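Asks: Below is the file final32.txt, which contains compact mmCIF, C-alpha atoms.
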```
# COMPACT_ATOMS: atom_id res chain seq x y z
CA MET A 1 67.44 42.35 100.43
CA ASN A 2 69.77 43.70 103.13
CA TYR A 3 73.56 43.81 102.84
CA PRO A 4 74.38 40.80 105.08
CA GLU A 5 71.91 38.69 103.10
CA PHE A 6 73.54 39.80 99.85
CA LEU A 7 76.97 38.79 101.16
CA LYS A 8 75.64 35.41 102.28
CA GLN A 9 74.09 34.72 98.89
CA THR A 10 77.31 35.79 97.17
CA GLU A 11 79.45 33.37 99.14
CA ASP A 12 76.93 30.56 98.72
CA PHE A 13 77.13 31.07 94.97
CA VAL A 14 80.90 31.45 94.63
CA PHE A 15 82.15 28.88 97.15
CA VAL A 16 80.89 25.57 95.78
CA GLU A 17 81.98 22.43 97.60
CA ASN A 18 80.83 18.81 97.43
CA LYS A 19 81.76 15.57 99.11
CA PRO A 20 83.83 13.41 96.74
CA GLU A 21 82.27 10.34 95.21
CA LYS A 22 83.58 7.60 92.95
CA ALA A 23 84.19 9.21 89.56
CA ASP A 24 85.64 8.63 86.10
CA VAL A 25 88.25 11.39 86.16
CA ILE A 26 89.64 14.19 88.33
CA PHE A 27 90.07 17.58 86.66
CA VAL A 28 92.69 20.12 87.75
CA PRO A 29 92.48 23.49 85.95
CA GLY A 30 95.85 25.11 85.28
CA ASN A 31 97.52 27.19 87.98
CA GLY A 32 100.84 27.69 89.75
CA TYR A 33 99.77 26.44 93.17
CA PRO A 34 100.45 22.79 94.09
CA GLN A 35 97.59 22.40 96.57
CA MET A 36 94.90 21.55 94.03
CA ALA A 37 97.04 18.85 92.42
CA GLU A 38 98.00 17.55 95.88
CA ASN A 39 94.31 17.24 96.67
CA ALA A 40 93.74 15.44 93.38
CA ALA A 41 96.59 13.05 94.21
CA LEU A 42 95.02 12.28 97.58
CA LEU A 43 91.65 11.59 95.97
CA TYR A 44 93.32 9.35 93.40
CA LYS A 45 95.17 7.36 96.07
CA GLU A 46 91.91 6.97 97.98
CA GLY A 47 90.43 5.32 94.89
CA TYR A 48 87.99 8.00 93.77
CA ALA A 49 89.01 7.97 90.09
CA PRO A 50 91.41 6.12 87.76
CA TYR A 51 92.65 9.23 85.91
CA ILE A 52 93.71 12.79 86.68
CA LEU A 53 93.60 15.42 83.95
CA PRO A 54 95.63 18.55 84.76
CA SER A 55 95.13 21.22 82.13
CA GLY A 56 97.07 24.32 81.22
CA ARG A 57 99.80 25.94 79.17
CA TYR A 58 100.16 29.30 80.89
CA SER A 59 98.22 32.49 81.62
CA ILE A 60 97.05 34.26 78.48
CA THR A 61 97.73 37.61 80.15
CA LEU A 62 101.40 36.80 80.88
CA GLY A 63 102.20 34.68 77.85
CA LYS A 64 104.35 32.40 79.97
CA PHE A 65 104.13 30.19 83.04
CA ALA A 66 103.94 32.50 86.05
CA GLY A 67 106.06 30.19 88.18
CA VAL A 68 105.43 28.18 91.31
CA GLN A 69 103.29 30.22 93.70
CA SER A 70 103.58 28.09 96.83
CA LYS A 71 105.90 25.41 98.32
CA LYS A 72 108.78 26.39 96.07
CA GLU A 73 111.15 24.46 98.32
CA VAL A 74 109.30 21.24 97.40
CA TYR A 75 108.57 21.90 93.73
CA ASP A 76 111.76 23.71 92.76
CA GLY A 77 112.05 22.71 89.11
CA ILE A 78 111.85 24.81 85.97
CA TYR A 79 108.50 24.38 84.25
CA GLU A 80 107.47 25.55 80.79
CA THR A 81 103.74 24.93 81.28
CA GLU A 82 101.18 24.63 84.04
CA TRP A 83 100.57 21.04 82.97
CA GLU A 84 104.24 20.17 83.38
CA PHE A 85 104.23 21.68 86.88
CA LEU A 86 101.00 19.95 87.90
CA LYS A 87 102.23 16.62 86.52
CA THR A 88 105.36 16.98 88.69
CA VAL A 89 103.22 17.68 91.76
CA LEU A 90 101.11 14.61 91.07
CA MET A 91 104.09 12.33 90.54
CA LYS A 92 105.83 13.62 93.68
CA ASN A 93 102.64 12.66 95.49
CA GLN A 94 102.79 9.06 94.26
CA VAL A 95 100.44 9.27 91.28
CA PRO A 96 101.77 7.01 88.49
CA LYS A 97 102.48 8.64 85.13
CA SER A 98 100.06 6.21 83.47
CA ALA A 99 97.17 7.78 85.41
CA ILE A 100 97.98 11.36 84.35
CA LEU A 101 96.38 12.62 81.14
CA GLU A 102 97.93 15.51 79.20
CA GLU A 103 96.48 18.86 78.19
CA ASP A 104 99.11 21.60 77.80
CA GLN A 105 97.51 24.15 75.47
CA ALA A 106 94.87 25.97 77.55
CA THR A 107 95.56 29.58 78.50
CA PHE A 108 92.42 30.38 80.53
CA THR A 109 89.76 28.50 82.47
CA TYR A 110 87.24 28.09 79.66
CA GLU A 111 89.98 26.58 77.49
CA ASN A 112 90.85 24.22 80.36
CA ALA A 113 87.36 22.79 80.02
CA ILE A 114 87.27 22.85 76.19
CA PHE A 115 90.60 21.09 75.74
CA SER A 116 89.97 18.68 78.60
CA ARG A 117 86.85 17.55 76.77
CA GLN A 118 88.93 16.94 73.66
CA VAL A 119 91.39 14.84 75.67
CA THR A 120 88.75 12.64 77.30
CA ASP A 121 87.02 12.17 73.95
CA LEU A 122 90.35 11.24 72.34
CA HIS A 123 90.99 8.62 75.02
CA LYS A 124 87.37 7.43 74.78
CA ILE A 125 86.78 8.11 78.46
CA GLN A 126 83.06 8.33 79.09
CA VAL A 127 82.69 10.90 81.85
CA LYS A 128 79.50 10.31 83.79
CA LYS A 129 80.89 11.75 87.02
CA ALA A 130 83.98 13.87 87.62
CA LEU A 131 85.76 15.57 90.49
CA LEU A 132 86.99 19.13 90.00
CA CYS A 133 89.97 20.26 92.09
CA CYS A 134 90.20 24.04 91.94
CA LYS A 135 90.77 27.03 94.21
CA THR A 136 88.03 27.84 96.74
CA TYR A 137 86.73 31.05 95.20
CA HIS A 138 87.27 29.84 91.62
CA ALA A 139 84.81 27.01 92.25
CA ARG A 140 81.68 28.43 90.65
CA ARG A 141 83.39 29.73 87.52
CA SER A 142 85.37 26.52 87.03
CA LEU A 143 82.25 24.43 87.57
CA MET A 144 80.31 26.60 85.12
CA TYR A 145 82.81 25.93 82.34
CA TYR A 146 83.35 22.22 82.94
CA GLN A 147 79.61 21.63 83.29
CA LEU A 148 79.03 23.35 79.94
CA LEU A 149 81.54 21.05 78.23
CA TYR A 150 80.30 17.95 80.08
CA PRO A 151 76.53 18.52 80.19
CA GLU A 152 75.87 14.79 80.57
CA ALA A 153 78.14 14.46 83.64
CA GLU A 154 77.76 15.16 87.33
CA ILE A 155 80.70 17.31 88.42
CA LEU A 156 81.58 17.50 92.10
CA VAL A 157 83.83 20.32 93.31
CA CYS A 158 86.62 19.43 95.75
CA PRO A 159 88.35 22.77 96.33
CA SER A 160 91.60 23.72 98.05
CA CYS A 161 92.65 26.94 99.74
CA PRO A 162 96.23 27.82 98.75
CA ASP A 163 96.07 31.54 99.53
CA GLY A 164 94.01 31.69 102.72
CA ILE A 165 90.75 33.02 101.22
CA THR A 166 87.81 30.92 102.42
CA ARG A 167 84.04 31.10 102.67
CA GLU A 168 84.47 31.92 106.36
CA ASN A 169 86.98 34.77 106.11
CA TRP A 170 86.74 36.39 102.66
CA ARG A 171 84.82 39.41 104.01
CA GLU A 172 87.53 40.22 106.56
CA THR A 173 90.27 41.45 104.21
CA GLU A 174 90.46 43.72 101.19
CA GLU A 175 92.22 40.94 99.29
CA GLY A 176 89.38 38.52 100.03
CA VAL A 177 86.64 40.96 99.04
CA GLU A 178 88.43 41.82 95.80
CA ALA A 179 88.95 38.14 94.98
CA VAL A 180 85.32 37.15 95.50
CA THR A 181 83.68 40.21 93.93
CA GLY A 182 86.14 39.90 91.06
CA GLU A 183 84.91 36.36 90.49
CA MET A 184 81.32 37.61 90.40
CA GLN A 185 82.26 40.17 87.76
CA ARG A 186 84.05 37.57 85.65
CA ILE A 187 81.16 35.13 85.88
CA ILE A 188 78.65 37.75 84.74
CA LYS A 189 80.88 39.06 81.93
CA GLN A 190 81.96 35.65 80.67
CA PHE A 191 78.55 34.02 80.92
CA CYS A 192 77.31 35.77 77.77
CA LEU A 193 80.50 34.93 75.89
CA MET A 194 80.22 31.34 77.01
CA LEU A 195 76.65 31.04 75.76
CA GLY A 196 77.71 32.44 72.41
CA ASP A 197 80.34 29.71 72.06
CA LYS A 198 78.17 26.89 73.33
CA GLY A 199 77.23 25.56 69.95
CA THR A 200 80.79 25.34 68.65
CA THR A 201 83.01 24.26 71.53
CA LYS A 202 81.33 21.28 73.12
CA ARG A 203 83.85 18.84 71.67
```
Render the structure in this file as structure tokens.
Replies:
Amino acid sequence: MNYPEFLKQTEDFVFVENKPEKADVIFVPGNGYPQMAENAALLYKEGYAPYILPSGRYSITLGKFAGVQSKKEVYDGIYETEWEFLKTVLMKNQVPKSAILEEDQATFTYENAIFSRQVTDLHKIQVKKALLCCKTYHARRSLMYYQLLYPEAEILVCPSCPDGITRENWRETEEGVEAVTGEMQRIIKQFCLMLGDKGTTKR
């Protein structure tokens, strides 16, 4: 395999994207960017799903919510958790509170999936198909976790690009290369840990 082919296969693996279809729920893993929740709000208003489930307390590495990372002039409140921030984004984009489910304990992506499963089970929502609104280069890792927790469901990735790193340009900057290769490293490292937990964290 030559180097250009390796890069092409890497981006095909990392940058997952699907066309949205009618679903049972829209997942939004925790983060400090509003774009993913804005995308989820748009999908909701277009009738793709009756519920949106944002998930997240804060980053386990920081031990607190890192703050709003984009559009601070629009979302200028004080937020204790990622879920609280994402809920605000959704409601400012005309999603009714009744359509927003709550998960405010997760501190990393795998927990987003684990605790989201607990929430949908609690509300007796049978998830046969779901939309996953995440960052472009987080798509594969997010999909990996949510698919593990929802093995019976079809999960379609509807990503957003809040920081300018895309499938088309990631090779052009040091930031882009570090972001994508960093994702590959995390996927490989966490895959074994994830398999070890598979029997105990499904629900």
Asks: Set out as a tab-separated table a contact list for segment 105-186 of chain A and segment 34-58 of chain A with a cut-off of 7 Å, giving each residue of segment 105-186 of chain A that qualifies its closest atom pair and distance in Å to one decimal, counting only C-alpha atoms, ordered by chain and rising residue number.
Replies:
```
residue	atom	partner	partner_atom	distance
A:Gln105	CA	A:Arg57	CA	4.7
A:Ala106	CA	A:Gly56	CA	4.6
A:Thr107	CA	A:Tyr58	CA	5.2
A:Asn112	CA	A:Ser55	CA	5.5
A:Ser116	CA	A:Ser55	CA	6.7
A:Cys133	CA	A:Met36	CA	5.5
A:Cys134	CA	A:Met36	CA	5.7
A:Lys135	CA	A:Met36	CA	6.9
A:Ser160	CA	A:Met36	CA	5.6
A:Pro162	CA	A:Gln35	CA	6.0
```
Asks: Those same residues - C-alpha atoms - I'd like them written as a short mmCIF file (atom, residue, chain, number, x, y, z; two decimals), in the coordinates of the input.
Replies:
```
data_model
loop_
_atom_site.label_atom_id
_atom_site.label_comp_id
_atom_site.auth_asym_id
_atom_site.auth_seq_id
_atom_site.Cartn_x
_atom_site.Cartn_y
_atom_site.Cartn_z
CA GLN A 105 97.51 24.15 75.47
CA ALA A 106 94.87 25.97 77.55
CA THR A 107 95.56 29.58 78.50
CA ASN A 112 90.85 24.22 80.36
CA SER A 116 89.97 18.68 78.60
CA CYS A 133 89.97 20.26 92.09
CA CYS A 134 90.20 24.04 91.94
CA LYS A 135 90.77 27.03 94.21
CA SER A 160 91.60 23.72 98.05
CA PRO A 162 96.23 27.82 98.75
#
```
Asks: Dump as JSON lines the rows for residues of segment 81-186 of chain A within 9 Å of segment 4-25 of chain A: closest atom pair and distance in Å with one decimal, only C-alpha atoms counted, ordered by chain and rising residue number.
Replies:
```
{"residue": "A:Thr120", "atom": "CA", "partner": "A:Val25", "partner_atom": "CA", "distance": 9.0}
{"residue": "A:Ile125", "atom": "CA", "partner": "A:Asp24", "partner_atom": "CA", "distance": 7.7}
{"residue": "A:Gln126", "atom": "CA", "partner": "A:Asp24", "partner_atom": "CA", "distance": 7.5}
{"residue": "A:Val127", "atom": "CA", "partner": "A:Asp24", "partner_atom": "CA", "distance": 5.6}
{"residue": "A:Lys128", "atom": "CA", "partner": "A:Asp24", "partner_atom": "CA", "distance": 6.8}
{"residue": "A:Lys129", "atom": "CA", "partner": "A:Ala23", "partner_atom": "CA", "distance": 4.9}
{"residue": "A:Ala130", "atom": "CA", "partner": "A:Ala23", "partner_atom": "CA", "distance": 5.1}
{"residue": "A:Leu131", "atom": "CA", "partner": "A:Val25", "partner_atom": "CA", "distance": 6.5}
{"residue": "A:Leu132", "atom": "CA", "partner": "A:Val25", "partner_atom": "CA", "distance": 8.7}
{"residue": "A:Thr136", "atom": "CA", "partner": "A:Phe15", "partner_atom": "CA", "distance": 6.0}
{"residue": "A:Tyr137", "atom": "CA", "partner": "A:Phe15", "partner_atom": "CA", "distance": 5.4}
{"residue": "A:His138", "atom": "CA", "partner": "A:Val14", "partner_atom": "CA", "distance": 7.2}
{"residue": "A:Ala139", "atom": "CA", "partner": "A:Val16", "partner_atom": "CA", "distance": 5.5}
{"residue": "A:Arg140", "atom": "CA", "partner": "A:Val14", "partner_atom": "CA", "distance": 5.1}
{"residue": "A:Arg141", "atom": "CA", "partner": "A:Val14", "partner_atom": "CA", "distance": 7.7}
{"residue": "A:Leu143", "atom": "CA", "partner": "A:Val16", "partner_atom": "CA", "distance": 8.4}
{"residue": "A:Ile155", "atom": "CA", "partner": "A:Ala23", "partner_atom": "CA", "distance": 8.9}
{"residue": "A:Leu156", "atom": "CA", "partner": "A:Asn18", "partner_atom": "CA", "distance": 5.5}
{"residue": "A:Val157", "atom": "CA", "partner": "A:Glu17", "partner_atom": "CA", "distance": 5.1}
{"residue": "A:Cys158", "atom": "CA", "partner": "A:Glu17", "partner_atom": "CA", "distance": 5.8}
{"residue": "A:Pro159", "atom": "CA", "partner": "A:Glu17", "partner_atom": "CA", "distance": 6.5}
{"residue": "A:Thr166", "atom": "CA", "partner": "A:Phe15", "partner_atom": "CA", "distance": 8.0}
{"residue": "A:Arg167", "atom": "CA", "partner": "A:Glu11", "partner_atom": "CA", "distance": 6.2}
{"residue": "A:Glu168", "atom": "CA", "partner": "A:Glu11", "partner_atom": "CA", "distance": 8.9}
{"residue": "A:Trp170", "atom": "CA", "partner": "A:Glu11", "partner_atom": "CA", "distance": 8.6}
{"residue": "A:Arg171", "atom": "CA", "partner": "A:Leu7", "partner_atom": "CA", "distance": 8.4}
{"residue": "A:Val180", "atom": "CA", "partner": "A:Val14", "partner_atom": "CA", "distance": 7.3}
{"residue": "A:Thr181", "atom": "CA", "partner": "A:Thr10", "partner_atom": "CA", "distance": 8.4}
{"residue": "A:Glu183", "atom": "CA", "partner": "A:Val14", "partner_atom": "CA", "distance": 7.6}
{"residue": "A:Met184", "atom": "CA", "partner": "A:Val14", "partner_atom": "CA", "distance": 7.5}
```
Asks: What is the distance, in Å and to one decimal place, between atom CA of Met144 of chain A and atom CA of Ala179 of chain A?
Replies: 17.5 Å
Asks: Find the distance between atom CA of Lys64 of chain A and atom CA of Phe191 of chain A and write it in Å to one decimal.
Replies: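 Computed distance, atom CA of Lys64 of chain A to atom CA of Phe191 of chain A, equals 25.9 Å.
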Asks: Given only C-alpha atoms as the basis, pick out the residue of A:Thr61, A:Gln69, A:Thr109, A:Asn2 nearest to Val28 of chain A.
Replies: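 Of A:Thr61, A:Gln69, A:Thr109, A:Asn2, the one nearest Val28 of chain A, counting only C-alpha atoms, is A:Thr109.
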Asks: Name all residues at most 8 Å from Tyr79 of chain A (count all atoms listed in the file; drop same-chain ones fewer than 6 positions away) and give them as a VMD selection string.
Replies: chain A and resid 65 67 85
Asks: What does the structure give for the distance between atom CA of Val74 of chain A and atom CA of Ala99 of chain A, in Å to one decimal?
Replies: 21.7 Å
Asks: From the options A:Val177, A:Val89, A:Gln118, A:Ala113, which residue's atoms come nearest to Ile165 of chain A, counting all atoms listed in the file?
Replies: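 Looking at the shortest contact to Ile165 of chain A, the residue is A:Val177.
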Asks: Just checking: using only C-alpha atoms, which residue out of A:Gly182, A:Lys92, A:Lys189, A:Tyr146 ends up closest to Tyr110 of chain A?
Replies: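 Answer, going by the shortest atom-to-atom distance: A:Tyr146.
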Asks: Have a look at A:Lys97, A:Lys87, A:His123, A:Arg186 and name the one nearest to Asn31 of chain A; count only C-alpha atoms.
Replies: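 Between A:Lys97, A:Lys87, A:His123, A:Arg186, the residue approaching Asn31 of chain A most closely is A:Lys87.
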Asks: Please put the answer as JSON: centre and edge lengths, in Å with one decimal, of a box along x, y and z that encloses all listed atoms of segment 22-40 of chain A plus 4 Å on each side.
Replies:
```
{"center_x": 92.2, "center_y": 17.6, "center_z": 91.0, "size_x": 25.3, "size_y": 28.1, "size_z": 19.4}
```
